[in-house]
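Peer 1: Dropping in input09.pdb, with PDB, C-alpha atoms.
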ATOM      1  CA  MET E   1      24.063   6.844  24.943  1.00  0.00           C
ATOM      2  CA  LYS E   2      23.185   3.186  24.418  1.00  0.00           C
ATOM      3  CA  GLN E   3      19.577   3.934  25.344  1.00  0.00           C
ATOM      4  CA  LEU E   4      19.407   6.642  22.665  1.00  0.00           C
ATOM      5  CA  ILE E   5      20.599   4.225  19.969  1.00  0.00           C
ATOM      6  CA  TYR E   6      18.030   1.705  21.217  1.00  0.00           C
ATOM      7  CA  LEU E   7      15.255   4.297  20.982  1.00  0.00           C
ATOM      8  CA  LYS E   8      16.387   5.294  17.500  1.00  0.00           C
ATOM      9  CA  LYS E   9      16.226   1.659  16.429  1.00  0.00           C
ATOM     10  CA  ILE E  10      12.679   1.333  17.779  1.00  0.00           C
ATOM     11  CA  ALA E  11      11.629   4.545  16.034  1.00  0.00           C
ATOM     12  CA  PHE E  12      13.189   3.334  12.795  1.00  0.00           C
ATOM     13  CA  ILE E  13      11.436  -0.054  13.011  1.00  0.00           C
ATOM     14  CA  LYS E  14       8.124   1.666  13.759  1.00  0.00           C
ATOM     15  CA  TRP E  15       8.642   3.983  10.777  1.00  0.00           C
ATOM     16  CA  LEU E  16       9.420   0.990   8.557  1.00  0.00           C
ATOM     17  CA  MET E  17       6.280  -0.798   9.725  1.00  0.00           C
ATOM     18  CA  ILE E  18       4.143   2.280   9.047  1.00  0.00           C
ATOM     19  CA  PHE E  19       5.797   2.711   5.636  1.00  0.00           C
ATOM     20  CA  PHE E  20       5.216  -0.924   4.643  1.00  0.00           C
ATOM     21  CA  THR E  21       1.623  -0.801   5.888  1.00  0.00           C
ATOM     22  CA  LEU E  22       1.007   2.304   3.778  1.00  0.00           C
ATOM     23  CA  GLU E  23       2.726   0.735   0.774  1.00  0.00           C
ATOM     24  CA  LEU E  24       0.603  -2.391   1.118  1.00  0.00           C
ATOM     25  CA  SER E  25      -2.649  -0.484   1.501  1.00  0.00           C
ATOM     26  CA  ILE E  26      -1.801   1.713  -1.499  1.00  0.00           C
ATOM     27  CA  ASP E  27      -0.903  -1.363  -3.580  1.00  0.00           C
ATOM     28  CA  LEU E  28      -4.110  -3.090  -2.504  1.00  0.00           C
ATOM     29  CA  SER E  29      -6.304  -0.087  -3.270  1.00  0.00           C
ATOM     30  CA  LEU E  30      -4.603   0.280  -6.681  1.00  0.00           C
ATOM     31  CA  ASP E  31      -5.276  -3.403  -7.390  1.00  0.00           C
ATOM     32  CA  VAL E  32      -8.911  -2.997  -6.368  1.00  0.00           C
ATOM     33  CA  LEU E  33      -9.216   0.121  -8.518  1.00  0.00           C
ATOM     34  CA  ALA E  34      -7.594  -1.615 -11.493  1.00  0.00           C
ATOM     35  CA  ASN E  35      -9.912  -4.609 -11.108  1.00  0.00           C
ATOM     36  CA  TYR E  36     -12.942  -2.315 -10.825  1.00  0.00           C
ATOM     37  CA  LEU E  37     -11.933  -0.405 -13.971  1.00  0.00           C
ATOM     38  CA  THR E  38     -11.271  -3.650 -15.850  1.00  0.00           C
ATOM     39  CA  VAL E  39     -14.718  -4.932 -14.913  1.00  0.00           C
ATOM     40  CA  LYS E  40     -16.277  -1.633 -16.002  1.00  0.00           C
ATOM     41  CA  ILE E  41     -14.465  -1.796 -19.347  1.00  0.00           C
ATOM     42  CA  ASP E  42     -15.561  -5.416 -19.828  1.00  0.00           C
ATOM     43  CA  GLU E  43     -19.162  -4.417 -19.099  1.00  0.00           C
ATOM     44  CA  SER E  44     -19.021  -1.561 -21.622  1.00  0.00           C
ATOM     45  CA  ASP E  45     -17.532  -3.931 -24.244  1.00  0.00           C
ATOM     46  CA  VAL E  46     -20.495  -6.248 -23.762  1.00  0.00           C
ATOM     47  CA  VAL E  47     -22.860  -3.286 -24.209  1.00  0.00           C
ATOM     48  CA  PHE E  48     -21.105  -2.225 -27.420  1.00  0.00           C
ATOM     49  CA  ASP E  49     -21.183  -5.773 -28.834  1.00  0.00           C
ATOM     50  CA  SER E  50     -24.922  -6.271 -28.410  1.00  0.00           C
TER      51      SER E  50
END
Let me see the structure of the file written as structure tokens.
Peer 2:
Amino acid sequence: MKQLIYLKKIAFIKWLMIFFTLELSIDLSLDVLANYLTVKIDESDVVFDS
């Protein structure tokens, strides 16, 4: 029984690690996307101004 609880804990920790890794990669890709869009908008502003 103790071994089962131990295995559940490991599984839970692994799941947490996977979840946080996914969260981080999603956050990072959203940041990159936001930065890319901001740069694109800035570039188009410059084009409109000239």
Peer 1: Please, what distance in Å, to one decimal, runs between atom CA of E:Ile41 and atom CA of E:Leu24?
Peer 2: 25.4 Å
Peer 1: Can you measure atom CA of E:Asp31 to atom CA of E:Lys14 for me? One decimal in Å is fine.
Peer 2: 25.5 Å
Peer 1: What is the distance between atom CA of E:Leu37 and atom CA of E:Phe19, in Å to one decimal?
Peer 2: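 Atom-to-atom, atom CA of E:Leu37 and atom CA of E:Phe19 are spaced 26.6 Å apart.
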Peer 1: If the box runs along x, y and z of the file and leaves 8 Å on each side of stretch 20-28 of chain E, what are its centre and edge lengths in Å, one decimal, as lines of an AutoDock Vina configuration file?
Peer 2:
center_x = 0.6
center_y = -0.4
center_z = 1.2
size_x = 25.3
size_y = 21.4
size_z = 25.5
